[in-house]
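Below is one structure, written out as structure tokens; the observations come after it.
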Amino acid sequence: MKIEIVTNNSDSDSLVREYTQRTLTFALGQFGTRISRVVARLQRPSAELTAFDSLCSIEVELVPNGHLHVSADGESAFDSVLQAVHKMEQAVKQEIDRSQQSSRMRHQQANGKPDGRIDDPGESASGNS
């Protein structure tokens, strides 16, 4: 999993970058090879335009295909990163679950079981006695 951190502030605090890297690695590393690339964008918008101090948006490229995007704002860069990472972790879990469920349904339909039932081998053996 490749992680890229982009900021709109050239004198960005290295602690925020390190925190973002660690938090992303910990939260999304559990998905192993299902994620190929992560891009985190940290922004501090001007005070006239918004009521928050920091915005974090995260994009994830999934394997074999798919993209997810989340964003969160917060009172601090750490707060917005934590919220966005949590949202992304949940989004990736849901996408993987949806993908696995879809795959199971396709497999069941290919095996002639459109209703999703699985035959119990003991049931057919006892029925033949």
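Residues in the structure tokens are numbered from 1 in each chain, the chains being A, B, ... in the order shown, and ligands are numbered from 1 in the order shown.
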Could you name the residues that touch A:Ile35 at 9 Å or less, counting only C-alpha atoms, but leaving out those on the same chain fewer than 5 positions away, as number ranges by chain? A: 1-2, 28-29, 60-64, 92
For those residues, write C-alpha atoms to a file as a PDB file, in the first residue's frame.
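This is the output file again-v4.pdb:
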ATOM      1  CA  MET A   1       0.000   0.000   0.000  1.00  0.00           C
ATOM      2  CA  LYS A   2       1.519   3.258  -1.144  1.00  0.00           C
ATOM      3  CA  LEU A  28      -5.886   0.560   6.491  1.00  0.00           C
ATOM      4  CA  GLY A  29      -2.947  -1.857   6.715  1.00  0.00           C
ATOM      5  CA  VAL A  60      -8.187   5.029  -1.858  1.00  0.00           C
ATOM      6  CA  GLU A  61      -7.584   2.894  -4.943  1.00  0.00           C
ATOM      7  CA  LEU A  62      -8.864  -0.633  -4.416  1.00  0.00           C
ATOM      8  CA  VAL A  63      -7.592  -3.829  -6.020  1.00  0.00           C
ATOM      9  CA  PRO A  64      -8.722  -5.125  -8.493  1.00  0.00           C
ATOM     10  CA  VAL A  92     -13.296   0.071   2.858  1.00  0.00           C
TER      11      VAL A  92
END
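With only C-alpha atoms as the basis for measurement, A:Ala91 is the residue among A:Leu55, A:Ala91, A:Val6, A:Leu24 that approaches A:His67 most closely.
By only C-alpha atoms, and with residues fewer than 4 positions from A:Arg22 along its chain excluded, the set lying at most 12 Å from it is Ile3, Ile5, Leu15, Val16, Arg17, Glu18, Phe26, Ala27, Leu28, Gly29, Phe78, Val81, Leu82 and Val85 of chain A.
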Serialized selection, C-alpha atoms, as an mmCIF file, in the first residue's frame:
data_model
loop_
_atom_site.group_PDB
_atom_site.id
_atom_site.type_symbol
_atom_site.label_atom_id
_atom_site.label_comp_id
_atom_site.auth_asym_id
_atom_site.auth_seq_id
_atom_site.Cartn_x
_atom_site.Cartn_y
_atom_site.Cartn_z
ATOM 1 C CA ILE A 3 0.623 6.328 0.929
ATOM 2 C CA ILE A 5 0.312 12.935 1.814
ATOM 3 C CA LEU A 15 4.190 15.952 13.253
ATOM 4 C CA VAL A 16 0.900 16.104 11.332
ATOM 5 C CA ARG A 17 2.463 14.285 8.383
ATOM 6 C CA GLU A 18 3.902 11.577 10.640
ATOM 7 C CA PHE A 26 -2.542 1.279 11.235
ATOM 8 C CA ALA A 27 -6.171 1.640 10.131
ATOM 9 C CA LEU A 28 -5.886 0.560 6.491
ATOM 10 C CA GLY A 29 -2.947 -1.857 6.715
ATOM 11 C CA PHE A 78 -5.149 15.872 13.986
ATOM 12 C CA VAL A 81 -7.219 13.262 10.005
ATOM 13 C CA LEU A 82 -8.613 10.983 12.705
ATOM 14 C CA VAL A 85 -9.319 7.860 8.537
#
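Atom pair atom CA of A:Asn8 / atom CA of A:Ser36 has a distance of 23.8 Å (rounded to one decimal).
Restricting the calculation to only C-alpha atoms, the smallest distance between A:Leu68 and any of A:Gln43, A:Thr20, A:Gln100, A:Lys93 is found for A:Lys93.
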Filtered DSSP result for stretch 19-78 of chain A, state alpha helix (DSSP H), as a PyMOL selection string: chain A and resi 19-28+77-78
Select from stretch 47-95 of chain A everything DSSP, run on the backbone, classes as strand (DSSP E), then give the selection as a ChimeraX atom specification. /A:54-62,67-74
With all heavy atoms retained, could you export that selection as a CSV table (one decimal), in the first residue's frame?
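Output file result-v3.csv is given in full below:
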chain,number,residue,atom,x,y,z
A,54,SER,N,-9.4,22.9,9.8
A,54,SER,CA,-8.6,21.9,9.0
A,54,SER,C,-9.6,21.0,8.2
A,54,SER,O,-10.6,20.6,8.7
A,54,SER,CB,-7.7,21.1,9.9
A,54,SER,OG,-6.9,20.2,9.2
A,55,LEU,N,-9.1,20.5,7.1
A,55,LEU,CA,-9.9,19.6,6.2
A,55,LEU,C,-9.0,18.5,5.8
A,55,LEU,O,-7.8,18.8,5.4
A,55,LEU,CB,-10.5,20.3,5.0
A,55,LEU,CG,-11.2,19.4,4.0
A,55,LEU,CD1,-12.5,18.8,4.6
A,55,LEU,CD2,-11.5,20.2,2.7
A,56,CYS,N,-9.4,17.3,5.9
A,56,CYS,CA,-8.6,16.1,5.4
A,56,CYS,C,-9.5,15.3,4.5
A,56,CYS,O,-10.6,14.9,4.9
A,56,CYS,CB,-8.2,15.2,6.6
A,56,CYS,SG,-7.3,13.8,6.1
A,57,SER,N,-9.0,15.1,3.3
A,57,SER,CA,-9.7,14.2,2.4
A,57,SER,C,-8.8,13.1,2.0
A,57,SER,O,-7.6,13.2,1.9
A,57,SER,CB,-10.2,15.0,1.1
A,57,SER,OG,-9.1,15.5,0.4
A,58,ILE,N,-9.4,11.9,1.9
A,58,ILE,CA,-8.6,10.7,1.6
A,58,ILE,C,-9.2,10.0,0.4
A,58,ILE,O,-10.5,9.8,0.4
A,58,ILE,CB,-8.6,9.7,2.8
A,58,ILE,CG1,-8.0,10.4,4.1
A,58,ILE,CG2,-7.8,8.5,2.5
A,58,ILE,CD1,-8.1,9.6,5.3
A,59,GLU,N,-8.4,9.6,-0.5
A,59,GLU,CA,-8.8,8.8,-1.7
A,59,GLU,C,-8.1,7.4,-1.6
A,59,GLU,O,-6.9,7.4,-1.3
A,59,GLU,CB,-8.4,9.5,-3.0
A,59,GLU,CG,-9.2,10.8,-3.2
A,59,GLU,CD,-8.6,11.5,-4.4
A,59,GLU,OE1,-8.4,10.8,-5.4
A,59,GLU,OE2,-8.5,12.7,-4.3
A,60,VAL,N,-8.8,6.4,-1.9
A,60,VAL,CA,-8.2,5.0,-1.9
A,60,VAL,C,-8.5,4.4,-3.2
A,60,VAL,O,-9.6,4.4,-3.7
A,60,VAL,CB,-8.8,4.2,-0.7
A,60,VAL,CG1,-8.5,2.7,-0.9
A,60,VAL,CG2,-8.3,4.7,0.6
A,61,GLU,N,-7.4,3.7,-3.8
A,61,GLU,CA,-7.6,2.9,-4.9
A,61,GLU,C,-7.6,1.4,-4.5
A,61,GLU,O,-6.7,1.0,-3.8
A,61,GLU,CB,-6.4,3.1,-5.9
A,61,GLU,CG,-6.4,4.5,-6.6
A,61,GLU,CD,-5.3,4.6,-7.5
A,61,GLU,OE1,-4.7,3.6,-8.0
A,61,GLU,OE2,-5.0,5.8,-7.9
A,62,LEU,N,-8.7,0.8,-4.8
A,62,LEU,CA,-8.9,-0.6,-4.4
A,62,LEU,C,-8.4,-1.6,-5.5
A,62,LEU,O,-8.4,-1.2,-6.7
A,62,LEU,CB,-10.3,-0.9,-4.1
A,62,LEU,CG,-10.9,-0.1,-3.0
A,62,LEU,CD1,-12.4,-0.3,-2.9
A,62,LEU,CD2,-10.3,-0.5,-1.6
A,67,HIS,N,-12.6,3.0,-6.5
A,67,HIS,CA,-12.0,4.2,-5.8
A,67,HIS,C,-13.0,4.6,-4.7
A,67,HIS,O,-14.2,4.5,-4.9
A,67,HIS,CB,-11.8,5.4,-6.7
A,67,HIS,CG,-10.8,5.2,-7.8
A,67,HIS,ND1,-9.8,4.2,-7.8
A,67,HIS,CD2,-10.6,5.9,-8.9
A,67,HIS,CE1,-9.1,4.4,-8.8
A,67,HIS,NE2,-9.5,5.3,-9.5
A,68,LEU,N,-12.5,5.0,-3.6
A,68,LEU,CA,-13.3,5.5,-2.5
A,68,LEU,C,-12.8,6.9,-2.1
A,68,LEU,O,-11.6,7.1,-2.2
A,68,LEU,CB,-13.3,4.6,-1.3
A,68,LEU,CG,-13.8,3.2,-1.5
A,68,LEU,CD1,-13.6,2.3,-0.2
A,68,LEU,CD2,-15.3,3.2,-1.8
A,69,HIS,N,-13.7,7.7,-1.7
A,69,HIS,CA,-13.3,9.1,-1.3
A,69,HIS,C,-14.1,9.5,-0.1
A,69,HIS,O,-15.3,9.3,-0.1
A,69,HIS,CB,-13.5,10.1,-2.4
A,69,HIS,CG,-13.1,11.5,-2.1
A,69,HIS,ND1,-14.0,12.4,-1.5
A,69,HIS,CD2,-11.9,12.1,-2.2
A,69,HIS,CE1,-13.4,13.5,-1.3
A,69,HIS,NE2,-12.1,13.4,-1.7
A,70,VAL,N,-13.4,10.0,0.9
A,70,VAL,CA,-14.1,10.5,2.1
A,70,VAL,C,-13.4,11.8,2.5
A,70,VAL,O,-12.2,12.1,2.1
A,70,VAL,CB,-14.0,9.6,3.3
A,70,VAL,CG1,-14.8,8.3,3.0
A,70,VAL,CG2,-12.6,9.3,3.8
A,71,SER,N,-14.1,12.7,3.3
A,71,SER,CA,-13.4,13.9,3.8
A,71,SER,C,-14.0,14.2,5.2
A,71,SER,O,-15.2,13.8,5.5
A,71,SER,CB,-13.6,15.0,2.9
A,71,SER,OG,-14.9,15.4,2.7
A,72,ALA,N,-13.3,14.9,6.0
A,72,ALA,CA,-13.7,15.3,7.3
A,72,ALA,C,-13.1,16.6,7.6
A,72,ALA,O,-11.9,16.9,7.3
A,72,ALA,CB,-13.4,14.3,8.3
A,73,ASP,N,-13.8,17.5,8.4
A,73,ASP,CA,-13.2,18.7,8.9
A,73,ASP,C,-13.2,18.6,10.4
A,73,ASP,O,-13.8,17.8,11.0
A,73,ASP,CB,-14.0,19.9,8.4
A,73,ASP,CG,-15.5,19.9,8.7
A,73,ASP,OD1,-15.8,19.4,9.8
A,73,ASP,OD2,-16.3,20.3,7.9
A,74,GLY,N,-12.3,19.5,10.9
A,74,GLY,CA,-12.1,19.5,12.4
A,74,GLY,C,-11.5,20.7,12.9
A,74,GLY,O,-11.1,21.6,12.1
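Note that the spacing between atom CA of A:Ser80 and atom CA of A:Asp53 amounts to 9.0 Å.
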